[in-house]
>>> print(open('entry09.txt').read())   # compact mmCIF, C-alpha atoms and all ligand atoms
# COMPACT_ATOMS: atom_id res chain seq x y z
CA MET U 19 22.14 -2.04 -17.84
CA GLY U 20 24.23 -4.55 -15.87
CA HIS U 21 25.95 -3.97 -12.58
CA PRO U 22 28.69 -6.46 -11.75
CA SER U 23 27.76 -8.24 -8.58
CA SER U 24 31.15 -7.44 -7.10
CA LEU U 25 30.02 -3.84 -6.94
CA ARG U 26 27.06 -4.70 -4.73
CA SER U 27 27.72 -3.69 -1.19
CA SER U 28 27.02 -6.25 1.51
CA ASP U 29 24.65 -3.73 3.08
CA ALA U 30 22.68 -3.62 -0.13
CA ARG U 31 22.47 -7.41 -0.34
CA ARG U 32 21.29 -7.58 3.24
CA GLY U 33 18.84 -4.81 2.40
CA ASP U 34 17.39 -6.94 -0.46
CA ARG U 35 16.55 -9.76 1.87
CA LEU U 36 15.15 -7.48 4.52
CA ARG U 37 12.99 -5.60 2.07
CA GLU U 38 11.61 -8.64 0.21
CA PRO U 39 8.39 -8.95 2.28
CA GLU U 40 7.74 -5.26 1.78
CA GLU U 41 7.37 -5.64 -1.99
CA GLY U 42 3.61 -6.33 -1.84
CA THR U 43 2.99 -3.51 0.60
CA PHE U 44 5.04 -1.26 -1.62
CA ARG U 45 3.04 -2.13 -4.73
CA ASN U 46 -0.23 -1.48 -2.89
CA ALA U 47 1.09 1.77 -1.51
CA LEU U 48 2.11 2.90 -4.99
CA HIS U 49 -1.35 2.07 -6.27
CA ASP U 50 -3.00 4.04 -3.44
CA LEU U 51 -0.57 6.86 -4.03
CA LEU U 52 -1.71 7.07 -7.64
CA LEU U 53 -5.39 6.77 -6.85
CA TYR U 54 -5.78 9.04 -3.90
CA SER U 55 -3.35 11.92 -4.30
CA PRO U 56 -5.34 15.05 -5.11
CA ASP U 57 -2.41 17.12 -6.37
CA ARG U 58 1.25 16.85 -7.39
CA SER U 59 2.80 18.10 -4.17
CA THR U 60 0.73 15.70 -2.02
CA PHE U 61 1.73 12.89 -4.37
CA ALA U 62 5.39 13.92 -4.24
CA GLN U 63 5.35 14.23 -0.45
CA ARG U 64 3.90 10.75 -0.08
CA ALA U 65 6.26 9.35 -2.70
CA LEU U 66 9.26 10.55 -0.70
CA SER U 67 8.42 8.53 2.38
CA TRP U 68 8.64 5.40 0.20
CA ALA U 69 11.77 6.60 -1.53
CA THR U 70 13.65 6.79 1.76
CA ARG U 71 12.29 3.44 2.94
CA LEU U 72 13.19 1.82 -0.34
CA VAL U 73 16.88 2.67 -0.25
CA GLY U 74 17.36 3.20 3.48
CA GLY U 75 17.92 6.95 3.22
CA VAL U 76 16.93 9.66 5.65
CA GLY U 77 16.22 12.93 3.91
CA ALA U 78 14.78 13.34 0.43
CA VAL U 79 13.59 16.00 -1.95
CA ILE U 80 11.75 16.14 -5.27
CA ILE U 81 12.56 18.98 -7.62
CA ASP U 82 10.07 19.82 -10.33
CA ALA U 83 10.83 20.37 -14.02
CA ASP U 84 10.89 24.15 -13.46
CA GLY U 85 13.46 23.83 -10.66
CA SER U 86 10.95 24.47 -7.84
CA ILE U 87 10.85 22.23 -4.77
CA LEU U 88 7.83 19.96 -5.03
CA ALA U 89 8.33 18.12 -1.75
CA ALA U 90 11.00 17.62 0.89
CA ARG U 91 11.40 15.28 3.82
CA GLU U 92 13.67 15.29 6.83
CA MET U 93 15.97 17.95 5.41
CA THR U 94 16.56 21.47 6.67
CA PRO U 95 15.56 24.29 4.30
CA GLU U 96 19.29 25.06 3.92
CA GLN U 97 20.06 21.48 2.89
CA VAL U 98 17.14 21.49 0.46
CA GLU U 99 18.29 24.77 -1.05
CA ALA U 100 21.87 23.48 -1.36
CA VAL U 101 20.71 20.35 -3.20
CA ALA U 102 18.38 22.39 -5.42
CA ALA U 103 21.17 24.79 -6.30
CA GLU U 104 23.42 21.90 -7.27
CA VAL U 105 20.73 20.37 -9.43
CA ARG U 106 19.89 23.70 -11.05
CA ALA U 107 23.55 24.12 -11.87
CA GLY U 108 23.10 20.90 -13.83
CA SER U 109 26.03 19.22 -12.16
CA ALA U 110 24.36 16.17 -10.77
CA ALA U 111 21.16 15.02 -12.45
CA GLY U 112 21.01 11.29 -13.04
CA ARG U 113 24.20 10.47 -11.17
CA ALA U 114 25.06 9.51 -7.69
CA ARG U 115 27.23 11.96 -5.78
CA THR U 116 30.24 10.63 -4.04
CA SER U 117 32.42 11.81 -1.24
CA ASN U 118 35.46 9.80 -0.22
CA GLN U 119 34.35 7.20 -2.81
CA GLN U 120 31.17 6.58 -0.86
CA VAL U 121 27.80 7.40 -2.27
CA THR U 122 25.93 9.40 0.35
CA ARG U 123 23.39 11.05 -1.89
CA LEU U 124 21.38 9.54 -4.74
CA ILE U 125 20.13 11.82 -7.48
CA THR U 126 17.73 10.33 -10.00
CA SER U 127 16.14 12.06 -12.97
CA LEU U 128 12.36 12.29 -13.25
CA HIS U 129 11.36 12.38 -16.90
CA LEU U 130 8.25 14.50 -16.62
CA GLN U 131 5.96 15.75 -19.35
CA GLN U 132 6.95 19.34 -18.55
CA GLY U 133 10.65 18.52 -18.61
CA GLU U 134 13.30 16.96 -16.44
CA GLY U 135 12.90 16.98 -12.66
CA CYS U 136 14.76 14.95 -10.09
CA MET U 137 14.50 13.04 -6.87
CA VAL U 138 17.30 13.19 -4.34
CA VAL U 139 17.74 10.83 -1.40
CA GLN U 140 20.27 11.58 1.27
CA ALA U 141 21.94 8.98 3.49
CA GLY U 142 21.86 9.86 7.20
CA PRO U 143 24.91 10.12 9.47
CA PHE U 144 24.28 6.62 10.78
CA THR U 145 22.91 4.94 7.63
CA PRO U 146 25.30 3.05 5.35
CA ALA U 147 26.40 4.52 2.06
CA PHE U 148 24.35 3.61 -1.00
CA GLY U 149 25.31 0.77 -3.35
CA ASP U 150 24.36 -0.17 -6.91
CA ASP U 151 21.19 -1.94 -5.74
CA GLU U 152 19.92 1.26 -4.19
CA ILE U 153 20.75 3.21 -7.34
CA LEU U 154 18.81 0.69 -9.43
CA ARG U 155 15.87 0.59 -7.03
CA LEU U 156 15.60 4.34 -6.93
CA ARG U 157 15.80 4.58 -10.74
CA GLN U 158 12.95 2.09 -11.12
CA TYR U 159 10.94 3.86 -8.46
CA ALA U 160 11.63 7.19 -10.17
CA ASN U 161 9.95 5.87 -13.33
CA SER U 162 6.77 5.12 -11.38
CA ILE U 163 6.94 8.49 -9.68
CA SER U 164 7.38 10.33 -12.99
CA ALA U 165 4.38 8.51 -14.46
CA GLY U 166 2.39 9.19 -11.27
CA LEU U 167 3.20 12.91 -11.23
CA ASP U 168 2.20 13.21 -14.89
CA ARG U 169 -1.00 11.34 -14.18
CA VAL U 170 -1.92 13.63 -11.27
CA SER U 171 -1.30 16.64 -13.55
CA LEU U 172 -3.46 15.09 -16.23
CA SER U 173 -6.30 14.31 -13.80
CA ALA U 174 -6.21 17.86 -12.48
CA ARG U 175 -6.27 19.19 -16.04
CA ILE U 176 -9.20 16.95 -16.99
CA ALA U 177 -11.11 18.05 -13.88
CA SER U 178 -10.54 21.69 -14.71
CA LEU U 179 -11.61 21.12 -18.35
CA GLU U 180 -14.78 19.38 -17.13
CA LYS U 181 -15.47 22.34 -14.89
CA ALA U 182 -14.86 24.76 -17.76
CA LYS U 183 -17.26 22.77 -19.94
CA THR U 184 -19.99 22.99 -17.32
CA GLU U 185 -19.37 26.71 -16.85
CA PHE U 186 -19.51 27.20 -20.59
CA LEU U 187 -22.78 25.26 -20.80
CA ASN U 188 -24.19 27.41 -18.05
CA VAL U 189 -23.19 30.74 -19.56
CA ALA U 190 -23.91 29.83 -23.18
CA SER U 191 -27.33 28.42 -22.46
CA HIS U 192 -28.39 31.39 -20.36
CA GLU U 193 -27.05 33.87 -22.92
CA LEU U 194 -28.85 32.08 -25.76
CA ARG U 195 -32.16 31.87 -23.97
CA GLY U 196 -32.96 35.60 -24.08
CA PRO U 197 -32.36 36.23 -27.79
CA MET U 198 -34.09 32.96 -28.72
CA THR U 199 -37.24 34.05 -26.85
CA VAL U 200 -37.31 37.29 -28.86
CA ILE U 201 -36.68 35.49 -32.18
CA LYS U 202 -39.40 32.91 -31.53
CA GLY U 203 -41.80 35.67 -30.36
CA TYR U 204 -41.45 37.73 -33.55
CA LEU U 205 -41.57 34.69 -35.80
CA THR U 206 -44.85 33.63 -34.18
CA MET U 207 -46.24 37.15 -34.67
CA LEU U 208 -45.21 37.00 -38.33
CA GLU U 209 -46.82 33.60 -38.74
CA VAL U 210 -50.20 34.64 -37.31
CA GLY U 211 -50.20 37.88 -39.35
CA SER U 212 -49.91 40.38 -36.45
CA LEU U 213 -47.18 42.19 -38.37
CA GLY U 214 -49.03 42.35 -41.68
CA ASP U 215 -49.81 39.89 -44.44
CA LEU U 216 -47.11 37.60 -45.80
CA SER U 217 -46.85 36.10 -49.26
CA ALA U 218 -47.30 32.31 -49.47
CA GLN U 219 -43.56 31.93 -50.05
CA SER U 220 -42.67 34.05 -46.99
CA SER U 221 -45.19 32.10 -44.89
CA SER U 222 -43.51 28.82 -45.69
CA VAL U 223 -40.11 30.30 -44.85
CA VAL U 224 -41.43 31.62 -41.52
CA HIS U 225 -42.89 28.21 -40.78
CA LEU U 226 -39.49 26.61 -41.37
CA LEU U 227 -37.77 29.25 -39.22
CA ILE U 228 -40.16 28.51 -36.35
CA GLN U 229 -39.30 24.82 -36.58
CA LYS U 230 -35.59 25.63 -36.54
CA SER U 231 -35.92 27.99 -33.59
CA ASP U 232 -37.84 25.23 -31.73
CA GLU U 233 -34.89 22.91 -32.38
CA VAL U 234 -32.45 25.49 -31.00
CA ASN U 235 -34.70 26.14 -27.98
CA TRP U 236 -34.81 22.43 -27.29
CA MET U 237 -31.01 22.21 -27.38
CA VAL U 238 -30.73 25.26 -25.12
CA GLU U 239 -33.18 23.68 -22.69
CA GLN U 240 -31.03 20.52 -22.59
CA MET U 241 -27.92 22.62 -21.99
CA VAL U 242 -29.57 24.47 -19.10
CA GLU U 243 -30.67 21.19 -17.52
CA ALA U 244 -27.26 19.60 -18.09
CA ALA U 245 -25.50 22.49 -16.35
CA ARG U 246 -27.98 22.22 -13.46
CA LEU U 247 -27.33 18.50 -13.17
CA GLU U 248 -23.54 18.94 -13.25
CA GLU U 249 -23.64 21.55 -10.53
CA GLY U 250 -26.03 19.50 -8.38
CA ARG U 251 -28.81 22.04 -8.81
CA LEU U 252 -31.25 19.76 -10.60
CA ALA U 253 -33.86 19.15 -7.91
CA LEU U 254 -36.83 17.01 -8.89
CA LYS U 255 -40.32 18.31 -8.10
CA LYS U 256 -42.12 15.00 -7.80
CA LEU U 257 -45.92 14.91 -7.91
CA PRO U 258 -48.46 12.09 -8.15
CA SER U 259 -48.80 11.80 -11.93
CA ASP U 260 -50.36 9.71 -14.67
CA LEU U 261 -47.66 8.46 -17.05
CA VAL U 262 -50.23 7.99 -19.84
CA GLU U 263 -51.20 11.65 -19.63
CA LEU U 264 -47.59 12.85 -19.43
CA THR U 265 -46.66 10.74 -22.47
CA ASP U 266 -49.62 12.20 -24.41
CA LEU U 267 -48.45 15.71 -23.49
CA ALA U 268 -44.90 14.91 -24.61
CA ILE U 269 -46.22 13.57 -27.94
CA GLU U 270 -48.32 16.72 -28.37
CA GLY U 271 -45.26 18.89 -27.67
CA SER U 272 -43.28 16.96 -30.32
CA SER U 273 -46.00 16.90 -32.99
CA GLN U 274 -44.01 19.10 -35.41
CA LEU U 275 -40.98 16.85 -35.09
CA LEU U 276 -43.05 13.71 -35.59
CA SER U 277 -45.12 15.06 -38.51
CA LYS U 278 -43.13 13.18 -41.14
CA HIS U 279 -43.39 9.79 -39.43
CA GLN U 280 -46.24 7.39 -38.81
CA LEU U 281 -46.88 7.44 -35.10
CA SER U 282 -48.67 4.64 -33.26
CA VAL U 283 -49.41 4.74 -29.56
CA GLU U 284 -50.28 1.73 -27.44
CA LYS U 285 -51.45 2.61 -23.93
CA PRO U 286 -53.68 1.21 -21.20
CA SER U 287 -57.19 2.65 -20.86
CA SER U 288 -56.64 3.51 -17.20
CA ALA U 289 -54.06 5.79 -15.60
CA VAL U 290 -50.53 4.57 -14.79
CA GLU U 291 -49.79 6.33 -11.53
CA ALA U 292 -46.28 7.22 -10.43
CA GLU U 293 -44.53 9.89 -8.38
CA VAL U 294 -42.51 11.79 -10.96
CA ASP U 295 -41.39 15.30 -11.81
CA PRO U 296 -43.89 15.94 -14.63
CA GLU U 297 -41.68 18.43 -16.53
CA ARG U 298 -38.60 16.23 -16.37
CA PHE U 299 -40.50 13.08 -17.24
CA GLN U 300 -41.92 14.76 -20.34
CA MET U 301 -38.47 16.02 -21.21
CA VAL U 302 -37.12 12.45 -21.24
CA VAL U 303 -40.00 11.18 -23.41
CA ARG U 304 -39.63 14.15 -25.77
CA ASN U 305 -35.95 13.39 -26.09
CA LEU U 306 -36.69 9.78 -27.03
CA LEU U 307 -39.34 10.88 -29.54
CA SER U 308 -37.07 13.52 -31.02
CA ASN U 309 -34.21 11.01 -31.38
CA ALA U 310 -36.54 8.42 -32.94
CA ALA U 311 -37.55 11.03 -35.54
CA LYS U 312 -34.01 12.33 -36.11
CA TYR U 313 -32.39 8.94 -36.56
CA SER U 314 -34.98 7.23 -38.78
CA PRO U 315 -36.07 7.96 -42.35
CA ASN U 316 -39.21 10.02 -43.01
CA GLY U 317 -42.30 7.90 -43.56
CA THR U 318 -41.21 5.06 -41.25
CA ARG U 319 -43.08 4.05 -38.11
CA ILE U 320 -42.45 5.26 -34.57
CA LYS U 321 -44.20 3.21 -31.92
CA VAL U 322 -44.82 4.44 -28.37
CA ARG U 323 -45.90 1.93 -25.76
CA VAL U 324 -46.96 2.88 -22.23
CA SER U 325 -47.63 0.27 -19.56
CA GLY U 326 -47.92 -0.11 -15.82
CA ASP U 327 -47.42 -3.83 -15.19
CA GLY U 328 -45.48 -3.82 -11.96
CA ILE U 329 -43.39 -0.90 -13.15
CA GLY U 330 -44.17 2.33 -15.02
CA MET U 331 -42.79 2.07 -18.56
CA VAL U 332 -42.63 4.12 -21.73
CA ALA U 333 -40.90 2.48 -24.72
CA VAL U 334 -40.18 4.32 -27.96
CA THR U 335 -39.37 2.16 -30.99
CA ASP U 336 -38.15 3.41 -34.35
CA GLU U 337 -37.26 1.77 -37.65
CA GLY U 338 -34.14 3.85 -38.08
CA ILE U 339 -30.40 3.48 -38.47
CA GLY U 340 -29.95 1.58 -35.20
CA ILE U 341 -26.86 1.57 -33.01
CA ALA U 342 -23.94 -0.88 -33.13
CA GLU U 343 -23.57 -2.98 -29.99
CA GLU U 344 -20.18 -1.48 -29.08
CA ASP U 345 -21.66 2.04 -29.21
CA GLN U 346 -24.72 1.31 -27.09
CA ALA U 347 -23.07 1.79 -23.70
CA ARG U 348 -21.35 5.01 -24.82
CA LEU U 349 -24.58 6.74 -25.83
CA PHE U 350 -25.44 7.68 -22.30
CA THR U 351 -22.21 9.61 -21.77
CA ARG U 352 -22.18 13.41 -21.77
CA PHE U 353 -21.46 14.93 -25.21
CA VAL U 354 -21.14 11.55 -26.93
CA ARG U 355 -22.59 11.43 -30.43
CA ILE U 356 -22.09 8.46 -32.73
CA GLU U 357 -20.37 9.74 -35.83
CA THR U 358 -21.47 7.86 -38.94
CA LYS U 359 -22.40 8.83 -42.50
CA ALA U 360 -26.06 8.58 -41.49
CA THR U 361 -25.74 10.95 -38.50
CA GLU U 362 -23.32 13.58 -39.79
CA SER U 363 -26.08 15.91 -41.03
CA VAL U 364 -28.26 15.51 -37.91
CA SER U 365 -27.89 18.29 -35.36
CA GLY U 366 -27.71 17.64 -31.63
CA THR U 367 -25.73 18.25 -28.48
CA GLY U 368 -24.98 14.72 -27.31
CA LEU U 369 -26.53 15.68 -23.98
CA GLY U 370 -30.04 14.25 -24.34
CA LEU U 371 -29.53 10.59 -23.50
CA TRP U 372 -27.06 11.30 -20.71
CA LEU U 373 -29.49 13.77 -19.17
CA SER U 374 -32.43 11.41 -19.70
CA ARG U 375 -30.74 8.46 -18.02
CA GLU U 376 -29.65 10.63 -15.08
CA ILE U 377 -33.22 11.90 -14.68
CA ALA U 378 -34.58 8.33 -14.89
CA ARG U 379 -32.11 7.21 -12.20
CA MET U 380 -32.96 10.17 -9.97
CA HIS U 381 -36.48 8.71 -10.03
CA ASP U 382 -35.05 5.30 -8.99
CA GLY U 383 -35.76 4.12 -12.49
CA ASP U 384 -33.59 3.62 -15.59
CA LEU U 385 -33.32 4.20 -19.30
CA THR U 386 -32.11 1.33 -21.49
CA VAL U 387 -31.62 0.61 -25.17
CA GLU U 388 -32.06 -2.36 -27.48
CA SER U 389 -31.01 -1.85 -31.04
CA THR U 390 -30.10 -3.61 -34.27
CA PRO U 391 -28.02 -1.61 -36.75
CA GLY U 392 -30.02 -0.97 -39.91
CA ARG U 393 -33.26 -2.17 -38.33
CA GLY U 394 -34.07 0.29 -35.55
CA SER U 395 -33.94 0.95 -31.83
CA THR U 396 -36.12 0.76 -28.75
CA PHE U 397 -35.40 3.05 -25.81
CA THR U 398 -37.25 2.08 -22.63
CA LEU U 399 -37.83 4.38 -19.68
CA ARG U 400 -38.85 2.70 -16.45
CA VAL U 401 -39.88 4.30 -13.14
CA PRO U 402 -41.43 2.80 -10.00
CA LEU U 403 -45.22 2.98 -9.72
CA SER U 404 -46.91 4.81 -6.82
CA THR U 405 -47.29 2.50 -3.84
P1 LIG S 1 -28.06 14.13 -29.73
O1 LIG S 1 -28.38 15.51 -29.33
O2 LIG S 1 -26.80 13.99 -30.50
O3 LIG S 1 -29.20 13.44 -30.41
P2 LIG S 1 -28.40 12.23 -27.56
O4 LIG S 1 -27.68 12.16 -26.26
O5 LIG S 1 -29.87 12.32 -27.51
O6 LIG S 1 -27.74 13.42 -28.34
O7 LIG S 1 -27.99 10.94 -28.38
C1 LIG S 1 -26.62 10.56 -28.44
C2 LIG S 1 -26.31 9.82 -29.72
O8 LIG S 1 -26.99 8.56 -29.71
C3 LIG S 1 -26.82 10.50 -30.96
O9 LIG S 1 -25.89 11.47 -31.42
C4 LIG S 1 -26.99 9.34 -31.93
O10 LIG S 1 -25.76 9.02 -32.51
C5 LIG S 1 -27.38 8.19 -31.01
N1 LIG S 1 -28.86 7.95 -30.97
C6 LIG S 1 -29.73 8.44 -30.06
N2 LIG S 1 -30.98 8.00 -30.31
C7 LIG S 1 -30.89 7.21 -31.40
C8 LIG S 1 -31.84 6.44 -32.16
N3 LIG S 1 -33.12 6.40 -31.83
N4 LIG S 1 -31.37 5.73 -33.23
C9 LIG S 1 -30.05 5.76 -33.56
N5 LIG S 1 -29.11 6.46 -32.90
C10 LIG S 1 -29.52 7.17 -31.82
>>> encode(input="entry09.txt", output="structure tokens")
Amino acid sequence: MGHPSSLRSSDARRGDRLREPEEGTFRNALHDLLLYSPDRSTFAQRALSWATRLVGGVGAVIIDADGSILAAREMTPEQVEAVAAEVRAGSAAGRARTSNQQVTRLITSLHLQQGEGCMVVQAGPFTPAFGDDEILRLRQYANSISAGLDRVSLSARIASLEKAKTEFLNVASHELRGPMTVIKGYLTMLEVGSLGDLSAQSSSVVHLLIQKSDEVNWMVEQMVEAARLEEGRLALKKLPSDLVELTDLAIEGSSQLLSKHQLSVEKPSSAVEAEVDPERFQMVVRNLLSNAAKYSPNGTRIKVRVSGDGIGMVAVTDEGIGIAEEDQARLFTRFVRIETKATESVSGTGLGLWLSREIARMHDGDLTVESTPGRGSTFTLRVPLST
């Protein structure tokens, strides 16, 4: 949209020159505004101080899409209400108001996701009237402000969704725990014959049901731990431990899961000593073993290697589907599961690797992956040795 230069007021032209050096500061301020404003009204309040500086106004107000006042600056409540009433009446949005041919108030639309809001800047008794340059500047600024306000809303919404997810994890996992304990208890009684003899067919069904309830229990356990971690309640109970022994225990605990694979274990003959939380360390190794089994065909090899050369290490290698390079960094994000034909029938929560890496890092260690699609993957857990 062009504005003939003859319409530019001399004040505006002088203003251009005066404001030139401020451009960089302005850009930085806008960036900070976007990054550090916790909510929409703080953002709007801060945005107004730049709006007045930008066009040389005095008072200013931002009216939200629902007609409420989001922020006001250097205006009496009566003035604010008068402007808001005018805007609500729909008489002024998007246009500059004039009195005696002079523009003393700029009104610019804010195209917000929730609807149309507006920003109003008022000239003071001693400031010059606004010209076309100011109108243009304020319009451009209004675009940034609209985008910023929407972004603050979006960030707040994402934060509240994240919180809801954690709360859901917390409630769901605790609610599932009780019934699952009862189910597993009765299934075990059925399996050992405490509730009477079972036919061979029933026995095999019960066996399968126990395996399935173990899978659910494992997912519930991950959900409980994930909720603890999110809420900052996951406190490690570190003890002097032997990583070889803990890895053996984790393998023992996963024997059902690993029964259809060929397992090989390579470990030193002496202990690998490290200060770790034994339960959490086993949980990480069990997660790696369970993934190795889930994401590789039955009958293939799963190799576990424990070592203590300078650093405590447990590496789990499978000959499974592998992970594409672009997906490898995403794996360690909460709830991320790689959706492919090969994984669609595999159950899981997408919490295991995220949780495992967080636990590794809480030990001042790490969890990393090397993988070739179609060939297999190696996940390596490292923790510092005892000093
Ligand atoms: P899940 O409960 O889905 O197994 P994880 O956080 O443990 O959650 O793993 C995240 C995703 O990483 C999995 O859904 C899977 O796509 C991929 N993944 C994990 N381990 C392996 C592996 N050993 N081989 C191939 N893909 C794997």
>>> axis_aligned_box(input="entry09.txt", around="stretch 150-165 of chain U", padding_each_side="4 Å", output="AutoDock Vina command-line options")
--center_x 14.4 --center_y 4.2 --center_z -9.3 --size_x 28.0 --size_y 20.3 --size_z 18.3
>>> closest_residue(input="entry09.txt", among="U:Val294, U:Ala342, U:Val322, U:Leu53", to="U:Ser173", atoms="only C-alpha atoms")
U:Leu53
>>> closest_residue(input="entry09.txt", among="U:Gly368, U:Val387, U:Arg379, U:Arg400", to="ligand LIG 1 (chain S)", atoms="only C-alpha atoms and all ligand atoms")
U:Gly368
>>> closest_atom_pairs(input="entry09.txt", of="chain U", to="ligand LIG 1 (chain S)", cutoff="6 Å", atoms="only C-alpha atoms and all ligand atoms", output="JSON lines")
{"residue": "U:Asn309", "atom": "CA", "partner": "S:LIG1", "partner_atom": "N2", "distance": 4.5}
{"residue": "U:Ala310", "atom": "CA", "partner": "S:LIG1", "partner_atom": "N3", "distance": 4.1}
{"residue": "U:Tyr313", "atom": "CA", "partner": "S:LIG1", "partner_atom": "N4", "distance": 4.7}
{"residue": "U:Gly338", "atom": "CA", "partner": "S:LIG1", "partner_atom": "N4", "distance": 5.9}
{"residue": "U:Ile339", "atom": "CA", "partner": "S:LIG1", "partner_atom": "C9", "distance": 5.4}
{"residue": "U:Gly340", "atom": "CA", "partner": "S:LIG1", "partner_atom": "C9", "distance": 4.5}
{"residue": "U:Ile341", "atom": "CA", "partner": "S:LIG1", "partner_atom": "C9", "distance": 5.3}
{"residue": "U:Leu349", "atom": "CA", "partner": "S:LIG1", "partner_atom": "O8", "distance": 4.9}
{"residue": "U:Val354", "atom": "CA", "partner": "S:LIG1", "partner_atom": "C1", "distance": 5.8}
{"residue": "U:Arg355", "atom": "CA", "partner": "S:LIG1", "partner_atom": "O9", "distance": 3.4}
{"residue": "U:Ile356", "atom": "CA", "partner": "S:LIG1", "partner_atom": "O10", "distance": 3.7}
{"residue": "U:Gly366", "atom": "CA", "partner": "S:LIG1", "partner_atom": "O1", "distance": 3.2}
{"residue": "U:Thr367", "atom": "CA", "partner": "S:LIG1", "partner_atom": "O1", "distance": 3.9}
{"residue": "U:Gly368", "atom": "CA", "partner": "S:LIG1", "partner_atom": "O6", "distance": 3.2}
{"residue": "U:Leu369", "atom": "CA", "partner": "S:LIG1", "partner_atom": "O4", "distance": 4.3}
{"residue": "U:Gly370", "atom": "CA", "partner": "S:LIG1", "partner_atom": "O4", "distance": 3.7}
{"residue": "U:Leu371", "atom": "CA", "partner": "S:LIG1", "partner_atom": "O4", "distance": 3.7}
{"residue": "U:Trp372", "atom": "CA", "partner": "S:LIG1", "partner_atom": "O4", "distance": 5.7}
{"residue": "U:Ser395", "atom": "CA", "partner": "S:LIG1", "partner_atom": "N3", "distance": 5.5}
>>> atom_distance(input="entry09.txt", atom1="atom CA of U:Glu293", atom2="atom CA of U:Glu243")
20.1 Å
>>> residues_around(input="entry09.txt", residues="U:Arg195", least_positions_apart="2", cutoff="10 Å", atoms="all atoms listed in the file", output="short mmCIF file (atom, residue, chain, number, x, y, z; two decimals) with C-alpha atoms, keeping the file's coordinate frame")
data_model
loop_
_atom_site.label_atom_id
_atom_site.label_comp_id
_atom_site.auth_asym_id
_atom_site.auth_seq_id
_atom_site.Cartn_x
_atom_site.Cartn_y
_atom_site.Cartn_z
CA ALA U 190 -23.91 29.83 -23.18
CA SER U 191 -27.33 28.42 -22.46
CA HIS U 192 -28.39 31.39 -20.36
CA GLU U 193 -27.05 33.87 -22.92
CA PRO U 197 -32.36 36.23 -27.79
CA MET U 198 -34.09 32.96 -28.72
CA THR U 199 -37.24 34.05 -26.85
CA VAL U 200 -37.31 37.29 -28.86
CA VAL U 234 -32.45 25.49 -31.00
CA ASN U 235 -34.70 26.14 -27.98
CA VAL U 238 -30.73 25.26 -25.12
CA GLU U 239 -33.18 23.68 -22.69
CA VAL U 242 -29.57 24.47 -19.10
#
>>> atom_distance(input="entry09.txt", atom1="atom CA of U:Ala218", atom2="atom CA of U:Tyr204")
17.8 Å
>>> closest_residue(input="entry09.txt", among="U:Leu252, U:Val121, U:Ala62, U:Ile87", to="U:Gly75", atoms="all atoms listed in the file")
U:Val121
>>> closest_residue(input="entry09.txt", among="U:Ile320, U:Ala253, U:Ala90, U:Met207", to="U:Leu275", atoms="all atoms listed in the file")
U:Ile320
>>> residues_around(input="entry09.txt", residues="U:Trp68", least_positions_apart="2", cutoff="12 Å", atoms="only C-alpha atoms", output="PyMOL selection string")
chain U and resi 37+40-41+43-48+51+61-66+70-79+91+137+139+155-156+159-160+162-163
>>> atom_distance(input="entry09.txt", atom1="atom CA of U:Leu124", atom2="atom CA of U:Gly85")
17.4 Å
>>> closest_residue(input="entry09.txt", among="U:Leu194, U:Ala100, U:Val224, U:Leu385", to="U:Leu373", atoms="only C-alpha atoms")
U:Leu385
>>> closest_residue(input="entry09.txt", among="U:Tyr54, U:Asp295, U:Phe144, U:Gln219", to="U:Leu254", atoms="only C-alpha atoms")
U:Asp295
>>> residues_around(input="entry09.txt", residues="U:Phe299", least_positions_apart="4", cutoff="9 Å", atoms="all atoms listed in the file", output="list of chain:residue names")
U:Leu261, U:Leu264, U:Thr265, U:Ala268, U:Val294, U:Asp295, U:Val303, U:Arg304, U:Ser374, U:Ile377, U:Ala378
>>> residues_around(input="entry09.txt", residues="U:Gln131", least_positions_apart="5", cutoff="12 Å", atoms="only C-alpha atoms", output="JSON, numbers by chain")
{"U": [82, 83, 84, 164, 165, 166, 167, 168, 169, 170, 171, 172]}
>>> write_last_selection(input="entry09.txt", atoms="C-alpha atoms", output="PDB file, in the coordinates of the input")
ATOM      1  CA  ASP U  82      10.070  19.820 -10.330  1.00  0.00           C
ATOM      2  CA  ALA U  83      10.830  20.370 -14.020  1.00  0.00           C
ATOM      3  CA  ASP U  84      10.890  24.150 -13.460  1.00  0.00           C
ATOM      4  CA  SER U 164       7.380  10.330 -12.990  1.00  0.00           C
ATOM      5  CA  ALA U 165       4.380   8.510 -14.460  1.00  0.00           C
ATOM      6  CA  GLY U 166       2.390   9.190 -11.270  1.00  0.00           C
ATOM      7  CA  LEU U 167       3.200  12.910 -11.230  1.00  0.00           C
ATOM      8  CA  ASP U 168       2.200  13.210 -14.890  1.00  0.00           C
ATOM      9  CA  ARG U 169      -1.000  11.340 -14.180  1.00  0.00           C
ATOM     10  CA  VAL U 170      -1.920  13.630 -11.270  1.00  0.00           C
ATOM     11  CA  SER U 171      -1.300  16.640 -13.550  1.00  0.00           C
ATOM     12  CA  LEU U 172      -3.460  15.090 -16.230  1.00  0.00           C
TER      13      LEU U 172
END
>>> residues_near_point(input="entry09.txt", point="(-37.5, 3.0, -23.0)", cutoff="7 Å", atoms="all atoms listed in the file", output="compact mmCIF listing (two decimals) with C-alpha atoms, in the coordinates of the input")
# COMPACT_ATOMS: atom_id res chain seq x y z
CA MET U 331 -42.79 2.07 -18.56
CA VAL U 332 -42.63 4.12 -21.73
CA ALA U 333 -40.90 2.48 -24.72
CA VAL U 334 -40.18 4.32 -27.96
CA LEU U 385 -33.32 4.20 -19.30
CA THR U 386 -32.11 1.33 -21.49
CA VAL U 387 -31.62 0.61 -25.17
CA THR U 396 -36.12 0.76 -28.75
CA PHE U 397 -35.40 3.05 -25.81
CA THR U 398 -37.25 2.08 -22.63
CA LEU U 399 -37.83 4.38 -19.68
CA ARG U 400 -38.85 2.70 -16.45
